[in-house]
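Data file: data_21.cif. Format and content: mmCIF, C-alpha atoms.
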```cif
data_input
loop_
_atom_site.label_atom_id
_atom_site.label_comp_id
_atom_site.auth_asym_id
_atom_site.auth_seq_id
_atom_site.Cartn_x
_atom_site.Cartn_y
_atom_site.Cartn_z
CA MET A 1 9.81 21.31 -37.84
CA ILE A 2 11.50 20.17 -34.63
CA SER A 3 11.61 22.92 -32.01
CA LEU A 4 14.64 23.79 -29.88
CA LEU A 5 12.80 22.55 -26.78
CA GLN A 6 12.19 19.15 -28.36
CA LYS A 7 15.89 18.88 -29.25
CA LEU A 8 16.90 19.79 -25.69
CA PHE A 9 14.51 17.28 -24.14
CA SER A 10 15.65 14.62 -26.61
CA MET A 11 19.29 15.19 -25.63
CA LEU A 12 18.42 14.88 -21.94
CA MET A 13 16.43 11.75 -22.71
CA MET A 14 19.38 10.17 -24.51
CA ILE A 15 21.81 11.04 -21.69
CA GLU A 16 19.52 9.41 -19.13
CA PHE A 17 18.95 6.48 -21.48
CA VAL A 18 22.70 5.82 -21.87
CA LEU A 19 23.39 6.20 -18.14
CA GLY A 20 20.51 3.90 -17.28
CA ASN A 21 21.60 1.20 -19.73
CA VAL A 22 25.20 1.34 -18.51
CA ALA A 23 24.22 1.22 -14.81
CA ASN A 24 21.64 -1.55 -15.20
CA GLY A 25 23.86 -3.51 -17.58
CA PHE A 26 26.70 -3.27 -15.04
CA ILE A 27 24.46 -4.62 -12.23
CA ALA A 28 23.22 -7.53 -14.35
CA MET A 29 26.72 -8.38 -15.63
CA VAL A 30 28.39 -8.34 -12.20
CA ASN A 31 25.69 -10.48 -10.57
CA CYS A 32 25.62 -12.96 -13.46
CA LEU A 33 29.43 -13.33 -13.44
CA ASP A 34 29.35 -13.79 -9.68
CA TRP A 35 26.64 -16.44 -10.09
CA VAL A 36 28.72 -18.30 -12.70
CA LYS A 37 31.73 -18.16 -10.37
CA LYS A 38 30.01 -19.21 -7.13
CA HIS A 39 27.10 -21.24 -8.61
CA LYS A 40 24.68 -19.47 -6.30
CA MET A 41 22.95 -16.11 -6.00
CA SER A 42 21.35 -14.49 -2.97
CA CYS A 43 17.73 -13.37 -2.98
CA ALA A 44 18.77 -9.70 -3.01
CA ASP A 45 21.08 -10.27 -5.99
CA GLN A 46 18.35 -12.14 -7.85
CA ILE A 47 15.96 -9.21 -7.36
CA LEU A 48 18.67 -6.73 -8.37
CA THR A 49 19.44 -8.67 -11.55
CA ALA A 50 15.78 -9.01 -12.53
CA LEU A 51 15.25 -5.33 -11.73
CA ALA A 52 18.21 -4.31 -13.92
CA VAL A 53 16.96 -6.37 -16.88
CA SER A 54 13.40 -5.04 -16.59
CA ARG A 55 14.69 -1.47 -16.33
CA ILE A 56 16.76 -1.88 -19.49
CA ALA A 57 13.60 -3.05 -21.29
CA LEU A 58 11.65 -0.15 -19.78
CA LEU A 59 14.23 2.39 -20.91
CA TRP A 60 14.13 1.11 -24.50
CA THR A 61 10.33 1.19 -24.45
CA ILE A 62 10.24 4.76 -23.15
CA VAL A 63 12.78 6.00 -25.71
CA LEU A 64 11.02 4.25 -28.62
CA ASN A 65 7.73 5.80 -27.59
CA TRP A 66 9.37 9.21 -27.17
CA TYR A 67 10.92 9.33 -30.63
CA GLY A 68 7.87 7.76 -32.23
CA THR A 69 5.45 10.34 -30.84
CA VAL A 70 7.59 13.49 -30.66
CA PHE A 71 9.14 13.12 -34.13
CA ASN A 72 6.12 11.42 -35.77
CA LEU A 73 8.14 8.56 -37.26
CA PRO A 74 6.44 6.78 -40.23
CA PHE A 75 6.63 3.27 -38.72
CA TYR A 76 4.89 4.38 -35.51
CA ASN A 77 1.31 3.38 -36.38
CA SER A 78 -1.52 2.40 -34.02
CA ASP A 79 -0.50 -1.28 -33.85
CA ILE A 80 3.12 -0.46 -32.97
CA SER A 81 1.92 2.12 -30.45
CA LEU A 82 -0.31 -0.46 -28.74
CA MET A 83 2.52 -3.03 -28.60
CA ILE A 84 4.90 -0.50 -27.07
CA TYR A 85 2.25 0.61 -24.57
CA VAL A 86 1.61 -2.99 -23.45
CA SER A 87 5.38 -3.56 -23.21
CA TRP A 88 5.68 -0.41 -21.11
CA ILE A 89 2.91 -1.56 -18.76
CA VAL A 90 4.56 -4.97 -18.24
CA ASN A 91 8.08 -3.59 -17.67
CA HIS A 92 6.74 -0.75 -15.53
CA HIS A 93 4.98 -3.23 -13.23
CA PHE A 94 8.06 -5.41 -12.84
CA CYS A 95 10.37 -2.42 -12.24
CA VAL A 96 8.14 -0.92 -9.55
CA TRP A 97 7.32 -4.18 -7.77
CA LEU A 98 10.85 -5.58 -7.89
CA ALA A 99 12.19 -2.36 -6.34
CA THR A 100 9.41 -2.48 -3.73
CA SER A 101 10.25 -6.12 -2.98
CA LEU A 102 13.88 -5.10 -2.52
CA SER A 103 12.80 -2.44 0.00
CA ILE A 104 10.73 -5.00 1.91
CA LEU A 105 13.62 -7.50 1.85
CA TYR A 106 16.00 -4.87 3.25
CA LEU A 107 13.49 -4.10 6.00
CA LEU A 108 13.09 -7.76 6.98
CA LYS A 109 16.83 -8.48 6.86
CA ILE A 110 18.09 -5.34 8.62
CA GLY A 111 15.14 -4.10 10.69
CA ASN A 112 15.36 -4.96 14.40
CA PHE A 113 11.99 -5.34 16.12
CA SER A 114 10.96 -7.65 18.96
CA CYS A 115 7.40 -8.03 17.65
CA LEU A 116 6.53 -11.70 17.17
CA SER A 117 4.80 -11.06 13.81
CA PHE A 118 7.87 -9.23 12.48
CA LEU A 119 10.19 -12.00 13.65
CA ARG A 120 8.06 -14.56 11.79
CA LEU A 121 8.20 -12.46 8.63
CA LYS A 122 11.95 -11.98 9.13
CA TRP A 123 12.43 -15.75 9.34
CA LYS A 124 10.49 -16.20 6.08
CA ALA A 125 11.80 -13.07 4.31
CA GLU A 126 12.39 -14.74 0.94
CA ARG A 127 8.96 -16.36 0.99
CA VAL A 128 7.37 -12.98 1.79
CA VAL A 129 9.15 -11.40 -1.20
CA LEU A 130 8.01 -14.27 -3.42
CA MET A 131 4.39 -13.74 -2.33
CA ILE A 132 4.69 -10.01 -3.13
CA LEU A 133 5.93 -10.82 -6.63
CA TRP A 134 3.08 -13.32 -7.16
CA GLY A 135 0.69 -10.55 -6.11
CA ASN A 136 2.34 -8.31 -8.71
CA LEU A 137 1.62 -10.90 -11.41
CA PHE A 138 -2.06 -10.99 -10.37
CA ILE A 139 -2.30 -7.18 -10.52
CA LEU A 140 -0.52 -7.16 -13.88
CA VAL A 141 -2.97 -9.69 -15.33
CA CYS A 142 -5.92 -7.59 -14.10
CA HIS A 143 -4.38 -4.50 -15.69
CA LEU A 144 -3.86 -6.30 -19.01
CA ILE A 145 -7.47 -7.54 -18.95
CA VAL A 146 -8.69 -3.95 -18.58
CA LEU A 147 -6.45 -2.93 -21.48
CA SER A 148 -7.79 -5.74 -23.68
CA PHE A 149 -11.37 -4.69 -22.99
CA ASP A 150 -10.46 -1.08 -23.82
CA ALA A 151 -8.89 -2.21 -27.12
CA LYS A 152 -12.02 -4.19 -27.98
CA MET A 153 -14.16 -1.14 -27.26
CA GLN A 154 -12.13 0.86 -29.76
CA MET A 155 -12.42 -1.85 -32.44
CA ASN A 156 -16.14 -2.54 -31.97
CA ASP A 157 -18.58 0.10 -33.16
CA TYR A 158 -21.67 -1.37 -31.39
CA GLY A 159 -23.96 -0.62 -34.33
CA ARG A 160 -24.98 2.94 -34.94
CA ASN A 161 -25.60 3.94 -31.34
CA ILE A 162 -22.89 6.59 -31.01
CA THR A 163 -24.04 7.65 -27.53
CA TRP A 164 -23.76 4.11 -26.13
CA LYS A 165 -20.39 3.64 -27.83
CA THR A 166 -19.04 6.89 -26.34
CA TYR A 167 -20.41 5.99 -22.91
CA LEU A 168 -18.69 2.59 -22.90
CA ARG A 169 -15.39 4.09 -24.09
CA ASP A 170 -15.49 6.69 -21.32
CA ILE A 171 -16.08 3.95 -18.74
CA MET A 172 -13.19 1.86 -20.03
CA HIS A 173 -10.81 4.84 -20.20
CA LEU A 174 -11.73 5.80 -16.64
CA SER A 175 -11.27 2.20 -15.48
CA LYS A 176 -7.85 2.02 -17.15
CA LYS A 177 -6.70 5.24 -15.51
CA THR A 178 -8.06 4.21 -12.11
CA VAL A 179 -6.39 0.78 -12.24
CA PHE A 180 -3.07 2.35 -13.21
CA THR A 181 -3.30 4.85 -10.33
CA LEU A 182 -4.16 2.20 -7.75
CA THR A 183 -1.47 -0.22 -8.92
CA ASN A 184 1.13 2.51 -8.32
CA ILE A 185 -0.22 3.74 -4.99
CA ILE A 186 0.05 0.25 -3.46
CA PRO A 187 3.84 -0.24 -4.00
CA PHE A 188 4.51 3.40 -3.08
CA THR A 189 2.68 2.91 0.24
CA MET A 190 4.61 -0.31 0.91
CA SER A 191 7.95 1.39 0.22
CA LEU A 192 7.01 4.37 2.39
CA THR A 193 6.11 1.98 5.22
CA ALA A 194 9.48 0.26 4.81
CA VAL A 195 11.30 3.61 5.06
CA LEU A 196 9.41 4.62 8.20
CA LEU A 197 10.03 1.26 9.89
CA LEU A 198 13.73 1.34 8.97
CA THR A 199 13.98 4.86 10.40
CA PHE A 200 12.33 3.72 13.63
CA SER A 201 14.61 0.66 13.77
CA MET A 202 17.74 2.80 13.37
CA TRP A 203 16.49 5.24 16.04
CA LYS A 204 16.00 2.34 18.47
CA HIS A 205 19.45 1.00 17.63
CA LEU A 206 21.15 4.37 18.21
CA LYS A 207 19.30 4.84 21.49
CA ARG A 208 20.38 1.37 22.61
CA MET A 209 24.00 2.13 21.69
CA GLN A 210 23.94 5.37 23.67
CA LEU A 211 22.58 3.59 26.76
CA ARG A 212 25.42 1.07 26.52
CA GLY A 213 27.98 3.85 26.12
CA LYS A 214 29.16 2.65 22.72
CA ARG A 215 29.95 4.75 19.67
CA SER A 216 27.12 5.22 17.20
CA GLN A 217 29.19 4.57 14.05
CA ASP A 218 29.19 0.78 14.33
CA PRO A 219 28.75 -1.62 11.34
CA SER A 220 25.04 -2.09 12.05
CA THR A 221 24.42 1.66 11.95
CA GLU A 222 26.38 2.01 8.71
CA VAL A 223 24.28 -0.76 7.12
CA HIS A 224 21.11 0.95 8.31
CA VAL A 225 22.24 4.28 6.81
CA ARG A 226 23.21 2.78 3.44
CA VAL A 227 19.97 0.83 3.14
CA MET A 228 17.92 3.89 4.09
CA GLN A 229 19.73 5.98 1.48
CA THR A 230 18.87 3.37 -1.16
CA VAL A 231 15.23 3.03 -0.13
CA ILE A 232 14.62 6.76 0.34
CA SER A 233 16.20 7.55 -3.04
CA PHE A 234 13.93 4.95 -4.65
CA LEU A 235 10.93 6.48 -2.90
CA LEU A 236 11.74 10.04 -4.04
CA LEU A 237 12.52 9.07 -7.63
CA PHE A 238 9.47 6.80 -7.77
CA PHE A 239 7.32 9.68 -6.48
CA ILE A 240 8.58 11.91 -9.34
CA TYR A 241 8.06 9.07 -11.83
CA PHE A 242 4.60 8.35 -10.43
CA LEU A 243 3.49 11.99 -10.66
CA ALA A 244 4.83 12.25 -14.22
CA GLN A 245 2.99 9.12 -15.35
CA ILE A 246 -0.24 10.07 -13.55
CA PHE A 247 -0.16 13.49 -15.17
CA ALA A 248 0.45 11.91 -18.59
CA ILE A 249 -2.26 9.26 -18.33
CA TRP A 250 -4.92 11.65 -17.02
CA ARG A 251 -4.09 14.28 -19.63
CA SER A 252 -6.59 15.48 -22.15
CA THR A 253 -6.28 14.44 -25.81
CA GLY A 254 -5.30 17.92 -26.97
CA MET A 255 -2.20 18.06 -24.73
CA HIS A 256 -0.25 15.35 -26.52
CA ASN A 257 2.62 17.57 -27.67
CA ASN A 258 2.57 19.90 -24.71
CA SER A 259 6.02 20.92 -23.43
CA VAL A 260 4.94 20.17 -19.84
CA LEU A 261 4.17 16.58 -20.83
CA MET A 262 7.57 16.24 -22.50
CA LEU A 263 9.19 17.53 -19.32
CA CYS A 264 7.25 14.95 -17.31
CA GLU A 265 8.54 12.16 -19.55
CA VAL A 266 12.12 13.39 -19.18
CA LEU A 267 11.71 13.53 -15.38
CA GLY A 268 10.03 10.13 -15.39
CA ILE A 269 13.01 8.36 -16.94
CA LEU A 270 15.15 9.47 -13.97
CA HIS A 271 13.63 6.66 -11.91
CA PRO A 272 14.95 3.65 -13.87
CA SER A 273 18.25 5.44 -14.64
CA VAL A 274 19.50 7.33 -11.58
CA HIS A 275 18.22 4.89 -8.97
CA SER A 276 20.34 2.13 -10.50
CA LEU A 277 23.44 4.28 -9.98
CA ILE A 278 22.44 4.71 -6.32
CA LEU A 279 21.94 0.94 -6.04
CA ILE A 280 25.50 0.39 -7.27
CA TRP A 281 26.91 2.79 -4.70
CA GLY A 282 24.77 1.36 -1.88
CA ASN A 283 25.73 -2.26 -2.58
CA LYS A 284 29.15 -3.24 -1.18
CA LYS A 285 29.96 -5.83 -3.87
CA LEU A 286 28.83 -3.64 -6.77
CA ARG A 287 30.62 -0.61 -5.36
CA GLN A 288 33.93 -2.47 -4.99
CA VAL A 289 33.73 -3.85 -8.53
CA PHE A 290 32.85 -0.40 -9.89
CA LEU A 291 35.75 1.30 -8.04
CA SER A 292 38.10 -1.46 -9.20
CA PHE A 293 36.96 -0.91 -12.78
CA LEU A 294 37.54 2.86 -12.48
CA TRP A 295 41.03 2.23 -11.07
CA GLN A 296 41.92 -0.13 -13.92
CA LEU A 297 40.54 2.34 -16.44
CA ARG A 298 42.64 5.11 -14.91
CA CYS A 299 45.78 2.95 -15.09
CA TRP A 300 45.03 2.01 -18.70
CA LEU A 301 44.60 5.68 -19.67
CA LYS A 302 47.91 6.56 -18.00
CA GLU A 303 49.67 3.82 -19.95
CA LYS A 304 48.19 5.14 -23.20
CA LYS A 305 49.61 8.57 -22.50
#
```
Could the structure of this file be written out as C-alpha cells, please?
Amino acid sequence: MISLLQKLFSMLMMIEFVLGNVANGFIAMVNCLDWVKKHKMSCADQILTALAVSRIALLWTIVLNWYGTVFNLPFYNSDISLMIYVSWIVNHHFCVWLATSLSILYLLKIGNFSCLSFLRLKWKAERVVLMILWGNLFILVCHLIVLSFDAKMQMNDYGRNITWKTYLRDIMHLSKKTVFTLTNIIPFTMSLTAVLLLTFSMWKHLKRMQLRGKRSQDPSTEVHVRVMQTVISFLLLFFIYFLAQIFAIWRSTGMHNNSVLMLCEVLGILHPSVHSLILIWGNKKLRQVFLSFLWQLRCWLKEKK
C-alpha cells in the first residue's frame, strides 16, 4: 500500500518536475530561436542551452527512478535500474559542470581585477570554459570506468571464495562513493571561489565609485548584483542537492524506503528546477521574453472573457 507520505512527496516531485521542464524548455527554446534568427550564439547562451537540455534529461531520470523504486513498478528490473543510474550520472555531471562553467564565465566577464594572471584568463574566457568542460569529460570517463568495474564485480562470483568476493565488492563500493564525493566537491569549490571573487570585485567597484563621488547604483553595479544572485542561488541549491545525493549514496542498504531519503530526493530536485527559474530572471533577454509572454497571455485571457 502507498502511504500518505509517499503520495505527498510524489506530488511535490511532480510539481518540481513540471516547473523544471517548463523553465528549462523555455531557456532552450528562446536561445534556439534567437540563434536561428541571428545565426550566432554567445558562449553564455550556448552554456545555458546545453545546461537546460541536460537538466531536462536529469529531471526525467530522477522522476523515472523515483516512481520505479518508490512504487515498485514491474518494469523496473536490475538492468533498467543500471541504465537509469548511468544516465543520471552522465546528466548529473553535465548539469553541475555546465553551471560551474557559467559561474566561471560570469566571473571572467564581469570581475574587475588588475592582476596580470586574471587579465590573461579574462582575455581567453571562452577557452578557459572549454578547458573546464574537457576536464569534466575526463572526470566523467573516470567515474564511468569505476562504475563498470563495480558492475563486473557484481556479475563475477570469483569462484567459491566468498570472503574475497565480499572484500572486492566493498572496495569497489567505497571507490564509487569516494569518486562521486570528490567529483562534486571540485565544482562546488570552484563556484564558491567565483562567488567570493565576484563579491570582492563588487566591493572594490563600490569603493571606487564612492571615492569618485558617483552614485552606487550604476549599470556595472546592477550587473554585478544580478550575476551574484544567480551564482549564489546556484551555490545554495547545489549545496542542498549535493548533501541530498551524498546522504543517499552513503546510505545503508536497509534505508532504501526511509522517509528521510525520500525527503532528500525531493529536496535534491530543487536544484535543476528552481535554479533555472532564477536563471531566467537574472538573464536580461530571457526575462524580457518571459515578461512579454506573460503580458500576451494576460491580454489573451482578457479577450476570452
Subject >> Test item: the PyMOL selection byres ((chain A and resi 61-73) around 8) resolved as a list in words >> reply: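 Selected by the PyMOL selection byres ((chain A and resi 61-73) around 8) in this file: Ile2, Gln6, Met13, Met14, Phe17, Ala57, Leu58, Leu59, Trp60, Pro74, Phe75, Tyr76, Ser81, Ile84, Ser87, Trp88, Asn257 and Ile269 of chain A.
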Subject >> 10 Å contact set for Ile246 of chain A, all atoms listed in the file, chain neighbours under 3 positions out, as a PyMOL selection string >> reply: chain A and resi 177-178+180-181+184+240-243+249-251+264
Original post:
Between atom CA of Ser54 of chain A and atom CA of Asn283 of chain A, what is the spacing in Å?
Top reply: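 Pair atom CA of Asn283 of chain A / atom CA of Ser54 of chain A returns 18.9 Å.
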Starting from the shown file, work through the PyMOL selection byres ((chain A and resi 49-51) around 10) and note down what comes out as an mmCIF file with C-alpha atoms, in the frame of the given file.
```cif
data_model
loop_
_atom_site.group_PDB
_atom_site.id
_atom_site.type_symbol
_atom_site.label_atom_id
_atom_site.label_comp_id
_atom_site.auth_asym_id
_atom_site.auth_seq_id
_atom_site.Cartn_x
_atom_site.Cartn_y
_atom_site.Cartn_z
ATOM 1 C CA ASN A 24 21.640 -1.550 -15.200
ATOM 2 C CA GLY A 25 23.860 -3.510 -17.580
ATOM 3 C CA PHE A 26 26.700 -3.270 -15.040
ATOM 4 C CA ILE A 27 24.460 -4.620 -12.230
ATOM 5 C CA ALA A 28 23.220 -7.530 -14.350
ATOM 6 C CA MET A 29 26.720 -8.380 -15.630
ATOM 7 C CA VAL A 30 28.390 -8.340 -12.200
ATOM 8 C CA ASN A 31 25.690 -10.480 -10.570
ATOM 9 C CA CYS A 32 25.620 -12.960 -13.460
ATOM 10 C CA MET A 41 22.950 -16.110 -6.000
ATOM 11 C CA CYS A 43 17.730 -13.370 -2.980
ATOM 12 C CA ALA A 44 18.770 -9.700 -3.010
ATOM 13 C CA ASP A 45 21.080 -10.270 -5.990
ATOM 14 C CA GLN A 46 18.350 -12.140 -7.850
ATOM 15 C CA ILE A 47 15.960 -9.210 -7.360
ATOM 16 C CA LEU A 48 18.670 -6.730 -8.370
ATOM 17 C CA ALA A 52 18.210 -4.310 -13.920
ATOM 18 C CA VAL A 53 16.960 -6.370 -16.880
ATOM 19 C CA SER A 54 13.400 -5.040 -16.590
ATOM 20 C CA ARG A 55 14.690 -1.470 -16.330
ATOM 21 C CA ILE A 56 16.760 -1.880 -19.490
ATOM 22 C CA ALA A 57 13.600 -3.050 -21.290
ATOM 23 C CA ASN A 91 8.080 -3.590 -17.670
ATOM 24 C CA PHE A 94 8.060 -5.410 -12.840
ATOM 25 C CA CYS A 95 10.370 -2.420 -12.240
ATOM 26 C CA VAL A 96 8.140 -0.920 -9.550
ATOM 27 C CA TRP A 97 7.320 -4.180 -7.770
ATOM 28 C CA LEU A 98 10.850 -5.580 -7.890
ATOM 29 C CA ALA A 99 12.190 -2.360 -6.340
ATOM 30 C CA LEU A 102 13.880 -5.100 -2.520
ATOM 31 C CA PRO A 272 14.950 3.650 -13.870
ATOM 32 C CA SER A 276 20.340 2.130 -10.500
#
```
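You will find atom CA of Leu108 of chain A at 12.5 Å from atom CA of Ser191 of chain A.
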Subject >> Interatomic distance (Å, one decimal) between atom CA of Ser201 of chain A and atom CA of Ile278 of chain A >> reply: 21.9 Å
Original post:
Taking into account only C-alpha atoms, which residue in the set A:Val36, A:Val266, A:Thr100, A:Arg226 is nearest to Arg287 of chain A?
Top reply: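 For Arg287 of chain A, the nearest of the candidates is A:Arg226.
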Original post:
Using all atoms listed in the file, which residues sit within 10 Å of Lys285 of chain A once same-chain residues fewer than 3 positions away are excluded, as a list of chain:residue names?
Top reply: A:Val30, A:Asn31, A:Asp34, A:Ile280, A:Trp281, A:Gly282, A:Gln288, A:Val289, A:Phe290
Just write the chosen residues, C-alpha atoms, as a PDB file, in the coordinates of the input.
```
ATOM      1  CA  VAL A  30      28.390  -8.340 -12.200  1.00  0.00           C
ATOM      2  CA  ASN A  31      25.690 -10.480 -10.570  1.00  0.00           C
ATOM      3  CA  ASP A  34      29.350 -13.790  -9.680  1.00  0.00           C
ATOM      4  CA  ILE A 280      25.500   0.390  -7.270  1.00  0.00           C
ATOM      5  CA  TRP A 281      26.910   2.790  -4.700  1.00  0.00           C
ATOM      6  CA  GLY A 282      24.770   1.360  -1.880  1.00  0.00           C
ATOM      7  CA  GLN A 288      33.930  -2.470  -4.990  1.00  0.00           C
ATOM      8  CA  VAL A 289      33.730  -3.850  -8.530  1.00  0.00           C
ATOM      9  CA  PHE A 290      32.850  -0.400  -9.890  1.00  0.00           C
TER      10      PHE A 290
END
```
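Ranking A:Leu236, A:Leu294, A:Leu137, A:Leu192 by their shortest atom-to-atom distance to Gly268 of chain A, with all atoms listed in the file included, puts A:Leu236 first.
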**OP:** With a distance cut-off of 9 Å and only C-alpha atoms, select the neighbouring residues of Ser103 of chain A, excluding the residue or stretch itself and same-chain residues fewer than 6 positions from it, and output the selection as a list in words.
**Re:** Met190, Ser191, Ala194, Val195, Val227, Thr230, Val231 and Phe234 of chain A
Find the smallest box with edges along x, y and z containing every listed atom of segment 72-82 of chain A, then add 8 Å on each side and report centre and edge lengths in Å to one decimal, as JSON.
```
{"center_x": 3.3, "center_y": 5.1, "center_z": -34.5, "size_x": 25.7, "size_y": 28.7, "size_z": 27.5}
```
Subject >> Proximity to Asn136 of chain A - best of A:Leu107, A:Val18, A:Ile80, A:Val90, only C-alpha atoms >> reply: A:Val90
Original post:
For Cys142 of chain A, which residue among A:Val129, A:Leu116, A:Met228, A:Ile89 is the nearest when counting all atoms listed in the file?
Top reply: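 Among A:Val129, A:Leu116, A:Met228, A:Ile89, it is A:Ile89 that comes nearest to Cys142 of chain A.
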Original post:
Which one is closest to Ile232 of chain A: A:Leu197, A:Leu286, A:Met131, A:Leu33? Count all atoms listed in the file.
Top reply: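 Looking only at the distances to Ile232 of chain A, the closest residue turns out to be A:Leu197.
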**OP:** Go through A:Lys37, A:Leu196, A:Leu182, A:Leu206 one by one, measure the shortest atom-to-atom distance of each to Ile104 of chain A using only C-alpha atoms, and give the residue with the smallest value.
**Re:**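 The closest residue to Ile104 of chain A is A:Leu196.
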Quick one: segment 29-36 of chain A with all heavy atoms, as a PDB file, keeping the file's coordinate frame?
```
ATOM      1  N   MET A  29      25.484  -7.687 -15.253  1.00  0.00           N
ATOM      2  CA  MET A  29      26.720  -8.380 -15.630  1.00  0.00           C
ATOM      3  C   MET A  29      27.483  -8.849 -14.405  1.00  0.00           C
ATOM      4  O   MET A  29      27.930 -10.012 -14.349  1.00  0.00           O
ATOM      5  CB  MET A  29      27.599  -7.465 -16.475  1.00  0.00           C
ATOM      6  CG  MET A  29      28.881  -8.108 -16.964  1.00  0.00           C
ATOM      7  SD  MET A  29      29.971  -6.947 -17.805  1.00  0.00           S
ATOM      8  CE  MET A  29      30.441  -5.869 -16.440  1.00  0.00           C
ATOM      9  N   VAL A  30      27.647  -7.977 -13.406  1.00  0.00           N
ATOM     10  CA  VAL A  30      28.390  -8.340 -12.200  1.00  0.00           C
ATOM     11  C   VAL A  30      27.712  -9.486 -11.457  1.00  0.00           C
ATOM     12  O   VAL A  30      28.369 -10.454 -11.039  1.00  0.00           O
ATOM     13  CB  VAL A  30      28.545  -7.111 -11.267  1.00  0.00           C
ATOM     14  CG1 VAL A  30      29.115  -7.525  -9.913  1.00  0.00           C
ATOM     15  CG2 VAL A  30      29.444  -6.073 -11.909  1.00  0.00           C
ATOM     16  N   ASN A  31      26.405  -9.419 -11.291  1.00  0.00           N
ATOM     17  CA  ASN A  31      25.690 -10.480 -10.570  1.00  0.00           C
ATOM     18  C   ASN A  31      25.706 -11.797 -11.338  1.00  0.00           C
ATOM     19  O   ASN A  31      25.824 -12.866 -10.733  1.00  0.00           O
ATOM     20  CB  ASN A  31      24.250 -10.047 -10.306  1.00  0.00           C
ATOM     21  CG  ASN A  31      24.144  -9.026  -9.188  1.00  0.00           C
ATOM     22  OD1 ASN A  31      24.976  -9.003  -8.279  1.00  0.00           O
ATOM     23  ND2 ASN A  31      23.144  -8.177  -9.236  1.00  0.00           N
ATOM     24  N   CYS A  32      25.589 -11.733 -12.665  1.00  0.00           N
ATOM     25  CA  CYS A  32      25.620 -12.960 -13.460  1.00  0.00           C
ATOM     26  C   CYS A  32      27.010 -13.607 -13.436  1.00  0.00           C
ATOM     27  O   CYS A  32      27.136 -14.840 -13.317  1.00  0.00           O
ATOM     28  CB  CYS A  32      25.205 -12.672 -14.899  1.00  0.00           C
ATOM     29  SG  CYS A  32      23.439 -12.344 -15.096  1.00  0.00           S
ATOM     30  N   LEU A  33      28.072 -12.796 -13.527  1.00  0.00           N
ATOM     31  CA  LEU A  33      29.430 -13.330 -13.440  1.00  0.00           C
ATOM     32  C   LEU A  33      29.709 -13.932 -12.074  1.00  0.00           C
ATOM     33  O   LEU A  33      30.367 -14.979 -11.955  1.00  0.00           O
ATOM     34  CB  LEU A  33      30.448 -12.230 -13.759  1.00  0.00           C
ATOM     35  CG  LEU A  33      30.505 -11.738 -15.211  1.00  0.00           C
ATOM     36  CD1 LEU A  33      31.476 -10.580 -15.347  1.00  0.00           C
ATOM     37  CD2 LEU A  33      30.911 -12.876 -16.153  1.00  0.00           C
ATOM     38  N   ASP A  34      29.191 -13.267 -11.028  1.00  0.00           N
ATOM     39  CA  ASP A  34      29.350 -13.790  -9.680  1.00  0.00           C
ATOM     40  C   ASP A  34      28.593 -15.100  -9.499  1.00  0.00           C
ATOM     41  O   ASP A  34      29.050 -16.019  -8.821  1.00  0.00           O
ATOM     42  CB  ASP A  34      28.847 -12.746  -8.664  1.00  0.00           C
ATOM     43  CG  ASP A  34      29.215 -13.110  -7.239  1.00  0.00           C
ATOM     44  OD1 ASP A  34      30.413 -13.235  -6.954  1.00  0.00           O
ATOM     45  OD2 ASP A  34      28.288 -13.270  -6.406  1.00  0.00           O
ATOM     46  N   TRP A  35      27.432 -15.207 -10.143  1.00  0.00           N
ATOM     47  CA  TRP A  35      26.640 -16.440 -10.090  1.00  0.00           C
ATOM     48  C   TRP A  35      27.366 -17.591 -10.815  1.00  0.00           C
ATOM     49  O   TRP A  35      27.382 -18.727 -10.342  1.00  0.00           O
ATOM     50  CB  TRP A  35      25.284 -16.195 -10.715  1.00  0.00           C
ATOM     51  CG  TRP A  35      24.448 -17.433 -10.858  1.00  0.00           C
ATOM     52  CD1 TRP A  35      23.952 -18.212  -9.865  1.00  0.00           C
ATOM     53  CD2 TRP A  35      24.030 -18.022 -12.098  1.00  0.00           C
ATOM     54  NE1 TRP A  35      23.237 -19.259 -10.394  1.00  0.00           N
ATOM     55  CE2 TRP A  35      23.271 -19.176 -11.767  1.00  0.00           C
ATOM     56  CE3 TRP A  35      24.204 -17.700 -13.437  1.00  0.00           C
ATOM     57  CZ2 TRP A  35      22.698 -19.996 -12.737  1.00  0.00           C
ATOM     58  CZ3 TRP A  35      23.635 -18.516 -14.400  1.00  0.00           C
ATOM     59  CH2 TRP A  35      22.892 -19.644 -14.045  1.00  0.00           C
ATOM     60  N   VAL A  36      27.960 -17.283 -11.965  1.00  0.00           N
ATOM     61  CA  VAL A  36      28.720 -18.300 -12.700  1.00  0.00           C
ATOM     62  C   VAL A  36      29.928 -18.763 -11.886  1.00  0.00           C
ATOM     63  O   VAL A  36      30.270 -19.957 -11.864  1.00  0.00           O
ATOM     64  CB  VAL A  36      29.186 -17.744 -14.064  1.00  0.00           C
ATOM     65  CG1 VAL A  36      30.163 -18.693 -14.734  1.00  0.00           C
ATOM     66  CG2 VAL A  36      27.981 -17.491 -14.966  1.00  0.00           C
TER      67      VAL A  36
END
```
